[in-house]
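> Below is the file coords_9.cif, which contains mmCIF, C-alpha atoms.
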data_target
loop_
_atom_site.label_atom_id
_atom_site.label_comp_id
_atom_site.auth_asym_id
_atom_site.auth_seq_id
_atom_site.Cartn_x
_atom_site.Cartn_y
_atom_site.Cartn_z
CA MET L 1 8.98 16.85 -30.66
CA PRO L 2 8.58 19.21 -27.70
CA ARG L 3 10.64 16.94 -25.45
CA ASP L 4 13.33 16.59 -28.07
CA GLY L 5 13.33 20.36 -28.62
CA THR L 6 13.79 20.98 -24.91
CA ALA L 7 16.70 18.55 -24.77
CA THR L 8 18.38 20.23 -27.75
CA ARG L 9 17.91 23.64 -26.19
CA SER L 10 19.48 22.49 -22.93
CA ARG L 11 22.38 20.87 -24.77
CA ILE L 12 23.05 24.11 -26.66
CA LEU L 13 22.94 26.09 -23.41
CA ASP L 14 25.26 23.63 -21.62
CA SER L 15 27.83 23.78 -24.44
CA ALA L 16 27.61 27.56 -24.67
CA GLU L 17 28.04 27.92 -20.91
CA ARG L 18 31.13 25.73 -20.95
CA LEU L 19 32.69 27.61 -23.88
CA VAL L 20 31.90 31.11 -22.59
CA LYS L 21 33.20 30.30 -19.10
CA VAL L 22 36.46 28.90 -20.43
CA ASN L 23 37.18 31.08 -23.47
CA GLY L 24 35.15 34.23 -22.86
CA TYR L 25 32.06 35.55 -24.65
CA ALA L 26 33.63 37.42 -27.56
CA ALA L 27 35.96 34.48 -28.24
CA THR L 28 33.03 32.05 -28.46
CA SER L 29 31.34 31.82 -31.87
CA VAL L 30 27.90 30.44 -32.67
CA ASP L 31 29.62 27.91 -34.96
CA GLN L 32 31.67 26.60 -32.01
CA VAL L 33 28.52 26.22 -29.93
CA ILE L 34 26.80 24.35 -32.76
CA THR L 35 29.78 22.00 -33.18
CA GLU L 36 30.27 21.42 -29.45
CA SER L 37 26.58 20.71 -28.84
CA GLY L 38 26.32 18.42 -31.86
CA THR L 39 23.30 20.25 -33.20
CA SER L 40 22.51 21.88 -36.55
CA LYS L 41 22.48 25.52 -37.60
CA GLY L 42 18.73 25.21 -38.20
CA ALA L 43 18.07 23.84 -34.71
CA PHE L 44 20.30 26.47 -33.13
CA PHE L 45 18.60 29.41 -34.80
CA HIS L 46 15.19 27.88 -34.12
CA HIS L 47 15.94 28.19 -30.40
CA PHE L 48 18.13 31.30 -30.43
CA PRO L 49 17.67 33.87 -33.20
CA SER L 50 21.06 35.42 -32.36
CA LYS L 51 24.16 35.04 -30.20
CA LEU L 52 22.77 37.79 -28.01
CA ASP L 53 19.52 35.86 -27.44
CA LEU L 54 21.64 32.90 -26.41
CA ALA L 55 23.64 35.10 -24.01
CA ARG L 56 20.46 36.49 -22.41
CA THR L 57 19.04 33.01 -21.77
CA LEU L 58 22.40 31.77 -20.54
CA VAL L 59 22.83 34.57 -18.00
CA GLN L 60 19.27 34.22 -16.73
CA ARG L 61 19.63 30.45 -16.31
CA TYR L 62 22.96 30.82 -14.50
CA ALA L 63 21.68 33.57 -12.17
CA ASP L 64 18.55 31.53 -11.36
CA ALA L 65 20.73 28.54 -10.41
CA ASP L 66 22.95 30.85 -8.34
CA VAL L 67 20.00 32.22 -6.38
CA ALA L 68 18.66 28.68 -5.88
CA GLU L 69 22.04 27.74 -4.41
CA LEU L 70 21.90 30.76 -2.11
CA ARG L 71 18.46 29.70 -0.83
CA GLU L 72 19.69 26.14 -0.31
CA ALA L 73 22.72 27.29 1.70
CA MET L 74 20.54 29.66 3.71
CA ALA L 75 17.99 26.93 4.53
CA HIS L 76 20.89 24.70 5.60
CA ALA L 77 22.36 27.42 7.84
CA GLU L 78 19.01 28.20 9.45
CA ALA L 79 18.29 24.53 10.10
CA ALA L 80 21.75 23.93 11.55
CA THR L 81 21.57 26.30 14.54
CA ASP L 82 19.62 29.11 16.19
CA ASP L 83 22.74 31.14 17.00
CA PRO L 84 23.05 34.02 14.50
CA ALA L 85 26.87 34.02 14.33
CA GLU L 86 26.97 30.24 13.97
CA ARG L 87 24.49 30.50 11.10
CA VAL L 88 26.92 32.75 9.24
CA SER L 89 29.68 30.14 9.75
CA ALA L 90 27.36 27.31 8.67
CA PHE L 91 26.44 29.26 5.54
CA VAL L 92 30.06 29.67 4.39
CA ARG L 93 30.97 26.15 5.47
CA TRP L 94 28.21 24.77 3.24
CA PHE L 95 30.17 26.09 0.24
CA GLU L 96 33.56 25.05 1.64
CA GLU L 97 32.33 21.49 1.86
CA ARG L 98 31.11 21.30 -1.70
CA ASP L 99 33.82 23.15 -3.50
CA GLU L 100 34.93 20.15 -5.55
CA ALA L 101 31.93 21.02 -7.71
CA LEU L 102 32.73 24.71 -7.44
CA LEU L 103 36.36 24.36 -8.30
CA GLY L 104 36.69 21.21 -10.31
CA GLU L 105 38.59 21.01 -13.53
CA GLU L 106 38.56 24.33 -15.35
CA SER L 107 35.88 25.69 -13.03
CA ASN L 108 34.99 29.28 -13.62
CA CYS L 109 32.13 31.68 -13.16
CA LEU L 110 29.97 32.77 -16.07
CA TYR L 111 29.53 36.17 -14.39
CA ILE L 112 33.18 37.03 -14.99
CA SER L 113 32.96 36.33 -18.73
CA ILE L 114 29.78 38.39 -19.03
CA LEU L 115 30.83 41.37 -16.87
CA THR L 116 34.10 41.65 -18.82
CA GLU L 117 32.13 42.57 -21.96
CA ARG L 118 31.00 46.14 -21.56
CA GLU L 119 28.42 45.87 -24.35
CA LEU L 120 26.62 43.13 -22.39
CA VAL L 121 26.51 45.35 -19.30
CA VAL L 122 25.32 48.40 -21.25
CA ASP L 123 22.59 46.58 -23.18
CA GLY L 124 21.17 44.94 -20.05
CA THR L 125 22.21 41.34 -20.83
CA SER L 126 24.04 41.27 -17.49
CA ASP L 127 20.98 42.46 -15.51
CA PRO L 128 20.17 39.00 -14.06
CA ILE L 129 23.64 39.08 -12.44
CA LEU L 130 22.65 42.22 -10.59
CA GLY L 131 19.42 40.48 -9.59
CA ALA L 132 21.48 37.64 -8.08
CA VAL L 133 23.89 40.08 -6.40
CA VAL L 134 20.95 41.82 -4.75
CA ALA L 135 19.41 38.50 -3.62
CA TRP L 136 22.70 37.46 -1.99
CA ARG L 137 23.08 40.92 -0.48
CA GLU L 138 19.59 40.96 1.04
CA GLU L 139 19.72 37.45 2.49
CA LEU L 140 23.22 37.81 3.88
CA THR L 141 22.71 41.33 5.23
CA ARG L 142 19.80 39.93 7.24
CA LEU L 143 21.88 36.96 8.48
CA ILE L 144 25.01 38.99 9.29
CA GLY L 145 23.00 41.89 10.70
CA ALA L 146 21.33 39.53 13.19
CA ALA L 147 24.77 38.27 14.26
CA LEU L 148 26.24 41.78 14.61
CA GLY L 149 23.34 42.95 16.79
CA ASP L 150 23.45 46.64 17.68
CA ARG L 151 27.13 46.97 18.54
CA GLU L 152 28.23 50.58 18.21
CA ASP L 153 31.44 49.90 16.33
CA ALA L 154 29.86 47.25 14.09
CA PRO L 155 31.09 47.08 10.50
CA ASP L 156 28.57 47.67 7.73
CA PRO L 157 26.56 44.41 7.40
CA GLU L 158 25.78 45.09 3.74
CA ALA L 159 29.49 45.43 2.86
CA LEU L 160 30.23 42.17 4.71
CA ALA L 161 27.32 40.53 2.87
CA ASP L 162 28.65 41.71 -0.50
CA HIS L 163 32.08 40.46 0.50
CA VAL L 164 30.85 36.88 0.08
CA PHE L 165 30.18 37.55 -3.63
CA VAL L 166 33.51 39.39 -3.83
CA THR L 167 35.32 36.37 -2.36
CA PHE L 168 33.80 33.92 -4.85
CA GLU L 169 34.61 36.04 -7.89
CA GLY L 170 38.07 37.05 -6.70
CA ALA L 171 38.95 33.44 -5.84
CA PHE L 172 37.87 32.23 -9.29
CA LEU L 173 40.28 34.77 -10.80
CA LEU L 174 43.08 33.90 -8.39
CA ALA L 175 42.64 30.20 -9.24
CA ARG L 176 42.72 31.03 -12.93
CA SER L 177 46.07 32.75 -12.43
CA THR L 178 47.75 30.26 -10.09
CA GLY L 179 46.14 27.05 -11.40
CA ASP L 180 45.94 25.93 -7.77
CA PRO L 181 42.75 23.86 -7.25
CA THR L 182 42.80 24.47 -3.47
CA THR L 183 42.30 28.23 -3.97
CA MET L 184 38.52 28.38 -3.56
CA ARG L 185 38.46 26.24 -0.44
CA ARG L 186 41.29 28.21 1.20
CA GLN L 187 39.69 31.54 0.38
CA LEU L 188 36.27 30.47 1.68
CA ARG L 189 37.96 29.25 4.87
CA ALA L 190 39.79 32.58 5.27
CA LEU L 191 36.50 34.41 4.69
CA ARG L 192 34.74 32.30 7.34
CA GLN L 193 37.54 32.82 9.87
CA MET L 194 37.48 36.57 9.31
CA LEU L 195 33.68 36.73 9.62
CA GLU L 196 33.87 34.65 12.81
CA ALA L 197 36.44 37.08 14.22
CA VAL L 198 34.28 40.10 13.33
CA LEU L 199 31.14 38.50 14.80
CA ARG L 200 32.85 37.27 17.99
CA MET R 1 63.16 59.76 -33.69
CA PRO R 2 63.80 57.48 -30.69
CA ARG R 3 62.00 59.86 -28.32
CA ASP R 4 59.08 60.14 -30.70
CA GLY R 5 59.01 56.35 -31.09
CA THR R 6 58.84 55.89 -27.33
CA ALA R 7 55.95 58.32 -27.08
CA THR R 8 54.04 56.54 -29.85
CA ARG R 9 54.66 53.18 -28.21
CA SER R 10 53.32 54.47 -24.88
CA ARG R 11 50.30 56.00 -26.55
CA ILE R 12 49.48 52.70 -28.25
CA LEU R 13 49.84 50.85 -24.93
CA ASP R 14 47.67 53.38 -23.08
CA SER R 15 44.91 53.12 -25.67
CA ALA R 16 45.09 49.34 -25.78
CA GLU R 17 44.95 49.12 -21.98
CA ARG R 18 41.85 51.31 -21.87
CA LEU R 19 40.09 49.34 -24.61
CA VAL R 20 40.99 45.90 -23.24
CA LYS R 21 39.95 46.84 -19.70
CA VAL R 22 36.59 48.19 -20.84
CA ASN R 23 35.65 45.88 -23.72
CA GLY R 24 37.74 42.77 -23.13
CA TYR R 25 40.67 41.36 -25.10
CA ALA R 26 38.87 39.37 -27.80
CA ALA R 27 36.49 42.29 -28.43
CA THR R 28 39.40 44.70 -28.97
CA SER R 29 40.81 44.80 -32.49
CA VAL R 30 44.18 46.12 -33.63
CA ASP R 31 42.28 48.57 -35.86
CA GLN R 32 40.48 49.99 -32.83
CA VAL R 33 43.78 50.46 -30.99
CA ILE R 34 45.27 52.21 -34.04
CA THR R 35 42.27 54.55 -34.32
CA GLU R 36 42.06 55.28 -30.59
CA SER R 37 45.78 56.00 -30.28
CA GLY R 38 45.80 58.17 -33.41
CA THR R 39 48.72 56.29 -34.89
CA SER R 40 49.24 54.51 -38.22
CA LYS R 41 49.20 50.83 -39.13
CA GLY R 42 52.89 51.12 -40.01
CA ALA R 43 53.81 52.64 -36.66
CA PHE R 44 51.71 50.07 -34.80
CA PHE R 45 53.30 47.06 -36.48
CA HIS R 46 56.75 48.61 -36.12
CA HIS R 47 56.28 48.45 -32.33
CA PHE R 48 54.10 45.34 -32.08
CA PRO R 49 54.36 42.65 -34.77
CA SER R 50 51.03 41.16 -33.61
CA LYS R 51 48.12 41.62 -31.24
CA LEU R 52 49.68 38.96 -29.04
CA ASP R 53 52.95 40.93 -28.81
CA LEU R 54 50.91 43.93 -27.74
CA ALA R 55 49.12 41.82 -25.11
CA ARG R 56 52.42 40.51 -23.71
CA THR R 57 53.88 43.99 -23.32
CA LEU R 58 50.61 45.29 -21.89
CA VAL R 59 50.38 42.60 -19.22
CA GLN R 60 54.04 42.98 -18.25
CA ARG R 61 53.71 46.77 -17.95
CA TYR R 62 50.53 46.49 -15.88
CA ALA R 63 51.98 43.85 -13.55
CA ASP R 64 55.17 45.91 -13.07
CA ALA R 65 53.06 48.93 -12.06
CA ASP R 66 51.01 46.73 -9.75
CA VAL R 67 54.11 45.43 -7.96
CA ALA R 68 55.49 48.98 -7.72
CA GLU R 69 52.21 50.00 -6.03
CA LEU R 70 52.54 47.07 -3.62
CA ARG R 71 56.06 48.19 -2.67
CA GLU R 72 54.88 51.78 -2.19
CA ALA R 73 52.02 50.72 0.09
CA MET R 74 54.34 48.42 2.02
CA ALA R 75 56.94 51.18 2.53
CA HIS R 76 54.13 53.46 3.72
CA ALA R 77 52.83 50.85 6.19
CA GLU R 78 56.30 50.11 7.56
CA ALA R 79 57.08 53.81 7.99
CA ALA R 80 53.72 54.49 9.70
CA THR R 81 54.14 52.24 12.75
CA ASP R 82 56.21 49.50 14.36
CA ASP R 83 53.17 47.50 15.48
CA PRO R 84 52.68 44.52 13.13
CA ALA R 85 48.85 44.53 13.26
CA GLU R 86 48.72 48.29 12.75
CA ARG R 87 50.97 47.88 9.73
CA VAL R 88 48.40 45.58 8.13
CA SER R 89 45.70 48.21 8.75
CA ALA R 90 47.92 50.99 7.38
CA PHE R 91 48.60 48.91 4.27
CA VAL R 92 44.90 48.46 3.43
CA ARG R 93 44.06 52.02 4.42
CA TRP R 94 46.64 53.30 1.92
CA PHE R 95 44.46 51.85 -0.86
CA GLU R 96 41.18 52.96 0.75
CA GLU R 97 42.43 56.53 0.72
CA ARG R 98 43.35 56.57 -2.93
CA ASP R 99 40.50 54.66 -4.45
CA GLU R 100 39.27 57.59 -6.54
CA ALA R 101 42.08 56.60 -8.86
CA LEU R 102 41.32 52.92 -8.38
CA LEU R 103 37.61 53.24 -8.96
CA GLY R 104 37.11 56.32 -11.02
CA GLU R 105 34.98 56.37 -14.12
CA GLU R 106 34.90 52.96 -15.80
CA SER R 107 37.75 51.71 -13.65
CA ASN R 108 38.60 48.10 -14.14
CA CYS R 109 41.50 45.71 -13.80
CA LEU R 110 43.42 44.49 -16.83
CA TYR R 111 44.00 41.18 -15.04
CA ILE R 112 40.31 40.28 -15.33
CA SER R 113 40.23 40.83 -19.09
CA ILE R 114 43.38 38.75 -19.55
CA LEU R 115 42.51 35.87 -17.21
CA THR R 116 39.10 35.51 -18.89
CA GLU R 117 40.83 34.46 -22.11
CA ARG R 118 41.97 30.92 -21.67
CA GLU R 119 44.33 31.06 -24.65
CA LEU R 120 46.28 33.87 -22.95
CA VAL R 121 46.63 31.77 -19.79
CA VAL R 122 47.66 28.64 -21.68
CA ASP R 123 50.25 30.38 -23.90
CA GLY R 124 51.89 32.15 -20.94
CA THR R 125 50.79 35.71 -21.81
CA SER R 126 49.24 35.94 -18.34
CA ASP R 127 52.44 34.83 -16.55
CA PRO R 128 53.35 38.33 -15.31
CA ILE R 129 50.02 38.33 -13.44
CA LEU R 130 51.16 35.26 -11.53
CA GLY R 131 54.44 37.05 -10.86
CA ALA R 132 52.51 39.95 -9.32
CA VAL R 133 50.24 37.59 -7.35
CA VAL R 134 53.30 35.91 -5.86
CA ALA R 135 54.91 39.27 -5.00
CA TRP R 136 51.75 40.38 -3.17
CA ARG R 137 51.49 36.99 -1.49
CA GLU R 138 55.10 37.02 -0.25
CA GLU R 139 55.09 40.58 1.08
CA LEU R 140 51.69 40.28 2.74
CA THR R 141 52.32 36.82 4.19
CA ARG R 142 55.36 38.31 5.90
CA LEU R 143 53.38 41.32 7.17
CA ILE R 144 50.32 39.33 8.31
CA GLY R 145 52.44 36.50 9.70
CA ALA R 146 54.30 38.98 11.94
CA ALA R 147 50.94 40.28 13.22
CA LEU R 148 49.53 36.78 13.83
CA GLY R 149 52.57 35.69 15.83
CA ASP R 150 52.55 32.05 16.87
CA ARG R 151 48.96 31.74 18.03
CA GLU R 152 47.83 28.14 17.93
CA ASP R 153 44.46 28.75 16.27
CA ALA R 154 45.86 31.29 13.83
CA PRO R 155 44.36 31.32 10.34
CA ASP R 156 46.65 30.60 7.38
CA PRO R 157 48.63 33.85 6.77
CA GLU R 158 49.12 33.00 3.09
CA ALA R 159 45.38 32.64 2.52
CA LEU R 160 44.78 35.97 4.28
CA ALA R 161 47.53 37.53 2.16
CA ASP R 162 45.94 36.21 -1.05
CA HIS R 163 42.61 37.51 0.15
CA VAL R 164 43.79 41.07 -0.51
CA PHE R 165 44.18 40.25 -4.23
CA VAL R 166 40.84 38.41 -4.09
CA THR R 167 39.14 41.50 -2.61
CA PHE R 168 40.47 43.82 -5.30
CA GLU R 169 39.44 41.58 -8.19
CA GLY R 170 36.08 40.63 -6.70
CA ALA R 171 35.26 44.27 -5.92
CA PHE R 172 36.06 45.32 -9.49
CA LEU R 173 33.55 42.72 -10.71
CA LEU R 174 30.93 43.71 -8.14
CA ALA R 175 31.31 47.37 -9.16
CA ARG R 176 30.93 46.38 -12.80
CA SER R 177 27.64 44.68 -11.98
CA THR R 178 26.15 47.29 -9.62
CA GLY R 179 27.64 50.43 -11.18
CA ASP R 180 28.12 51.71 -7.62
CA PRO R 181 31.34 53.79 -7.44
CA THR R 182 31.58 53.35 -3.64
CA THR R 183 32.05 49.57 -4.02
CA MET R 184 35.85 49.42 -3.90
CA ARG R 185 36.15 51.70 -0.88
CA ARG R 186 33.46 49.80 1.05
CA GLN R 187 35.00 46.44 0.24
CA LEU R 188 38.50 47.56 1.24
CA ARG R 189 37.07 48.91 4.50
CA ALA R 190 35.27 45.60 5.17
CA LEU R 191 38.52 43.74 4.43
CA ARG R 192 40.46 45.95 6.83
CA GLN R 193 37.88 45.56 9.59
CA MET R 194 37.90 41.78 9.19
CA LEU R 195 41.70 41.63 9.21
CA GLU R 196 41.76 43.84 12.31
CA ALA R 197 39.31 41.47 14.03
CA VAL R 198 41.40 38.41 13.09
CA LEU R 199 44.63 40.07 14.26
CA ARG R 200 43.17 41.43 17.52
#
Take the structure in this file and express it as structure tokens.


Amino acid sequence: MPRDGTATRSRILDSAERLVKVNGYAATSVDQVITESGTSKGAFFHHFPSKLDLARTLVQRYADADVAELREAMAHAEAATDDPAERVSAFVRWFEERDEALLGEESNCLYISILTERELVVDGTSDPILGAVVAWREELTRLIGAALGDREDAPDPEALADHVFVTFEGAFLLARSTGDPTTMRRQLRALRQMLEAVLR
Amino acid sequence: MPRDGTATRSRILDSAERLVKVNGYAATSVDQVITESGTSKGAFFHHFPSKLDLARTLVQRYADADVAELREAMAHAEAATDDPAERVSAFVRWFEERDEALLGEESNCLYISILTERELVVDGTSDPILGAVVAWREELTRLIGAALGDREDAPDPEALADHVFVTFEGAFLLARSTGDPTTMRRQLRALRQMLEAVLR
């Protein structure tokens, strides 16, 4: 029973994530999630007393995976080279090289669907997103700061660090509008080239 | 009567834009728009037979204003200097200097709320957004291309041009998450500094 319960819970979360990413949070009903995940009303409400409970778990799970991906890219960049500027390039390139997963069919970011709903921001459901934003900011500020050194005219390393998050989210939206599956890769490449120019 | 009708129509659109930007499209009901705009059901449906008609007009109006802003910034940049790279800087700076309006209280971009709803993308309601994206892309590819010249290792001017749109949309989402009103200005500044480094 516990194993089966865990599997059902994951299946519900996977279906909900897919639906919320594609259609938005307000446009996704609990009934749709139940149908899509092939579960029952009883099983659903056993795991999630309300749609809001589902949203909270969904956001936390997504943000945890996002931070894990950050750590993986960072470990890759630090293993690749000792040169600070080259580490920044290696970090961005790690995402460029795996963007089929990032920008496959109907790819989207759960953050966008959640941050669009003001109620979810006000009631704290979106807080794990801020946690992930801060994790990316801290890690990348350290990496970019090391590459900038103590140049007098250096741009703000924290703003450059945040710009990586900005590029991901903006590129997801651009891809949504144009339908062009090369968008994410091209935008990550442009980001890397601009960072390389700044850090040169 | 016609003048009064035009005023009512604008008031409905203004209220709807505010609600959709803040709460999202699916979470905004026609009843809310009617209440917020202080109009009647009869007046509303006289101007907009359905919520979808309202959305279509709203998106077109917003995209038209966006393209007008692009043209204004471009005229400003071209009047400011003859140097192609300095024109790119002047273009971005134009937005940096007026971001109180861009990122005032609860500022947000209608595009995000619309692109989050897949149905609105599929049924063509979001098409004017693509029209605006293409207008920005064409004007900025021309401007950035002139500054890049025919350098062999030059980055893709179209990707750099699209990155301006990407920065705006990503920064709106970052600001939504952090609640930090300096986000847009800092991100535009980082964008300008990176473009200046690439074009140096």

> List as JSON lines every residue of chain L that is in contact with chain R, defined as an atom at most 8 Å from one of its atoms (using only C-alpha atoms), together with the nearest atom pair and the distance in Å rounded to one decimal, sorted by chain and then rising number.


{"residue": "L:Lys21", "atom": "CA", "partner": "R:Thr116", "partner_atom": "CA", "distance": 7.9}
{"residue": "L:Val22", "atom": "CA", "partner": "R:Arg118", "partner_atom": "CA", "distance": 6.0}
{"residue": "L:Asn23", "atom": "CA", "partner": "R:Arg118", "partner_atom": "CA", "distance": 5.1}
{"residue": "L:Gly24", "atom": "CA", "partner": "R:Glu117", "partner_atom": "CA", "distance": 5.7}
{"residue": "L:Ala26", "atom": "CA", "partner": "R:Ala26", "partner_atom": "CA", "distance": 5.6}
{"residue": "L:Ala27", "atom": "CA", "partner": "R:Ala26", "partner_atom": "CA", "distance": 5.7}
{"residue": "L:Ile112", "atom": "CA", "partner": "R:Leu173", "partner_atom": "CA", "distance": 7.1}
{"residue": "L:Ser113", "atom": "CA", "partner": "R:Thr116", "partner_atom": "CA", "distance": 6.2}
{"residue": "L:Leu115", "atom": "CA", "partner": "R:Arg176", "partner_atom": "CA", "distance": 6.5}
{"residue": "L:Thr116", "atom": "CA", "partner": "R:Gly24", "partner_atom": "CA", "distance": 5.8}
{"residue": "L:Glu117", "atom": "CA", "partner": "R:Asn23", "partner_atom": "CA", "distance": 5.1}
{"residue": "L:Arg118", "atom": "CA", "partner": "R:Asn23", "partner_atom": "CA", "distance": 5.1}
{"residue": "L:Glu119", "atom": "CA", "partner": "R:Asn23", "partner_atom": "CA", "distance": 7.3}
{"residue": "L:Val121", "atom": "CA", "partner": "R:Ser177", "partner_atom": "CA", "distance": 7.4}
{"residue": "L:Ser126", "atom": "CA", "partner": "R:Ser177", "partner_atom": "CA", "distance": 7.4}
{"residue": "L:Asp127", "atom": "CA", "partner": "R:Ser177", "partner_atom": "CA", "distance": 7.9}
{"residue": "L:Ile129", "atom": "CA", "partner": "R:Ser177", "partner_atom": "CA", "distance": 6.9}
{"residue": "L:Leu130", "atom": "CA", "partner": "R:Ser177", "partner_atom": "CA", "distance": 5.7}
{"residue": "L:Pro155", "atom": "CA", "partner": "R:Ala190", "partner_atom": "CA", "distance": 6.9}
{"residue": "L:Asp156", "atom": "CA", "partner": "R:Ala190", "partner_atom": "CA", "distance": 7.5}
{"residue": "L:Ala159", "atom": "CA", "partner": "R:Arg186", "partner_atom": "CA", "distance": 6.2}
{"residue": "L:Leu160", "atom": "CA", "partner": "R:Ala190", "partner_atom": "CA", "distance": 6.1}
{"residue": "L:Asp162", "atom": "CA", "partner": "R:Gln187", "partner_atom": "CA", "distance": 8.0}
{"residue": "L:His163", "atom": "CA", "partner": "R:Gln187", "partner_atom": "CA", "distance": 6.7}
{"residue": "L:Phe165", "atom": "CA", "partner": "R:Gly170", "partner_atom": "CA", "distance": 7.3}
{"residue": "L:Val166", "atom": "CA", "partner": "R:Gly170", "partner_atom": "CA", "distance": 4.0}
{"residue": "L:Thr167", "atom": "CA", "partner": "R:Gly170", "partner_atom": "CA", "distance": 6.1}
{"residue": "L:Phe168", "atom": "CA", "partner": "R:Gly170", "partner_atom": "CA", "distance": 7.3}
{"residue": "L:Glu169", "atom": "CA", "partner": "R:Gly170", "partner_atom": "CA", "distance": 5.0}
{"residue": "L:Gly170", "atom": "CA", "partner": "R:Val166", "partner_atom": "CA", "distance": 4.0}
{"residue": "L:Ala171", "atom": "CA", "partner": "R:Val166", "partner_atom": "CA", "distance": 5.6}
{"residue": "L:Leu173", "atom": "CA", "partner": "R:Leu115", "partner_atom": "CA", "distance": 6.9}
{"residue": "L:Leu174", "atom": "CA", "partner": "R:Val166", "partner_atom": "CA", "distance": 6.6}
{"residue": "L:Arg176", "atom": "CA", "partner": "R:Leu115", "partner_atom": "CA", "distance": 6.5}
{"residue": "L:Ser177", "atom": "CA", "partner": "R:Leu130", "partner_atom": "CA", "distance": 5.7}
{"residue": "L:Thr178", "atom": "CA", "partner": "R:Leu130", "partner_atom": "CA", "distance": 6.2}
{"residue": "L:Arg186", "atom": "CA", "partner": "R:Ala159", "partner_atom": "CA", "distance": 6.2}
{"residue": "L:Gln187", "atom": "CA", "partner": "R:Ala159", "partner_atom": "CA", "distance": 6.2}
{"residue": "L:Ala190", "atom": "CA", "partner": "R:Leu160", "partner_atom": "CA", "distance": 6.1}
{"residue": "L:Gln193", "atom": "CA", "partner": "R:Pro155", "partner_atom": "CA", "distance": 7.0}
{"residue": "L:Met194", "atom": "CA", "partner": "R:Met194", "partner_atom": "CA", "distance": 5.2}
{"residue": "L:Leu195", "atom": "CA", "partner": "R:Met194", "partner_atom": "CA", "distance": 6.6}
{"residue": "L:Ala197", "atom": "CA", "partner": "R:Ala197", "partner_atom": "CA", "distance": 5.2}
{"residue": "L:Val198", "atom": "CA", "partner": "R:Ala197", "partner_atom": "CA", "distance": 5.3}

> Report, in Å with one decimal, the straight-line distance from CA of Asp66 (chain L) to CA of Glu78 (chain L).

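Interatomic distance, CA of Asp66 (chain L) to CA of Glu78 (chain L): 18.4 Å.
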
> Compile the contact shell of Arg9 (chain R) as a ChimeraX atom specification: residues with an atom at most 9 Å away, counting only C-alpha atoms, same-chain residues fewer than 3 positions apart removed.

/R:4-6,12-14,43-44,47-48

> Only C-alpha atoms, please: the residues just picked out, written as a PDB file, in the frame of the given file.


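Resulting contents of selection_20.pdb:
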ATOM      1  CA  ASP R   4      59.080  60.140 -30.700  1.00  0.00           C
ATOM      2  CA  GLY R   5      59.010  56.350 -31.090  1.00  0.00           C
ATOM      3  CA  THR R   6      58.840  55.890 -27.330  1.00  0.00           C
ATOM      4  CA  ILE R  12      49.480  52.700 -28.250  1.00  0.00           C
ATOM      5  CA  LEU R  13      49.840  50.850 -24.930  1.00  0.00           C
ATOM      6  CA  ASP R  14      47.670  53.380 -23.080  1.00  0.00           C
ATOM      7  CA  ALA R  43      53.810  52.640 -36.660  1.00  0.00           C
ATOM      8  CA  PHE R  44      51.710  50.070 -34.800  1.00  0.00           C
ATOM      9  CA  HIS R  47      56.280  48.450 -32.330  1.00  0.00           C
ATOM     10  CA  PHE R  48      54.100  45.340 -32.080  1.00  0.00           C
TER      11      PHE R  48
END

> Specify the axis-aligned box that encloses all atoms of region 15-30 of chain L listed in the file after padding of 6 Å on each side, stating its centre and edge lengths in Å to one decimal as lines of an AutoDock Vina configuration file.


center_x = 32.4
center_y = 30.6
center_z = -25.9
size_x = 21.6
size_y = 25.6
size_z = 25.6

> Could you please determine the separation between CA of Ile144 (chain L) and CA of Ala90 (chain L) in Å, to one decimal place?

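So the two atoms, CA of Ile144 (chain L) and CA of Ala90 (chain L), lie 11.9 Å apart.
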
> What is the CA of Ala7 (chain L) to CA of Val30 (chain L) distance in Å?

18.1 Å

> Need to verify the contact set: Leu70 (chain L), 9 Å, only C-alpha atoms, exclusion of same-chain residues closer than 3 positions in sequence. Can you return it as a list in words?

Ala65, Asp66, Val67, Ala73, Met74, Ala75, Ala135, Trp136 and Glu139 of chain L

> Evaluating the PyMOL selection byres ((chain L and resi 36) around 10) on the displayed file yields which residues, as a list in words?

Arg11, Ile12, Asp14, Ser15, Ala16, Arg18, Leu19, Val30, Asp31, Gln32, Val33, Ile34, Thr35, Ser37, Gly38 and Thr39 of chain L

> Around (45.2, 51.9, 1.6) in the file's own coordinates, what residues are found within 10 Å if you use all atoms listed in the file, given back as a list in words?

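Looking at atoms near the point gives Ala73, Met74, His76, Ala77, Val88, Ser89, Ala90, Phe91, Val92, Arg93, Trp94, Phe95, Glu96, Glu97, Arg98, Asp99, Arg185, Leu188, Arg189 and Arg192 of chain R.
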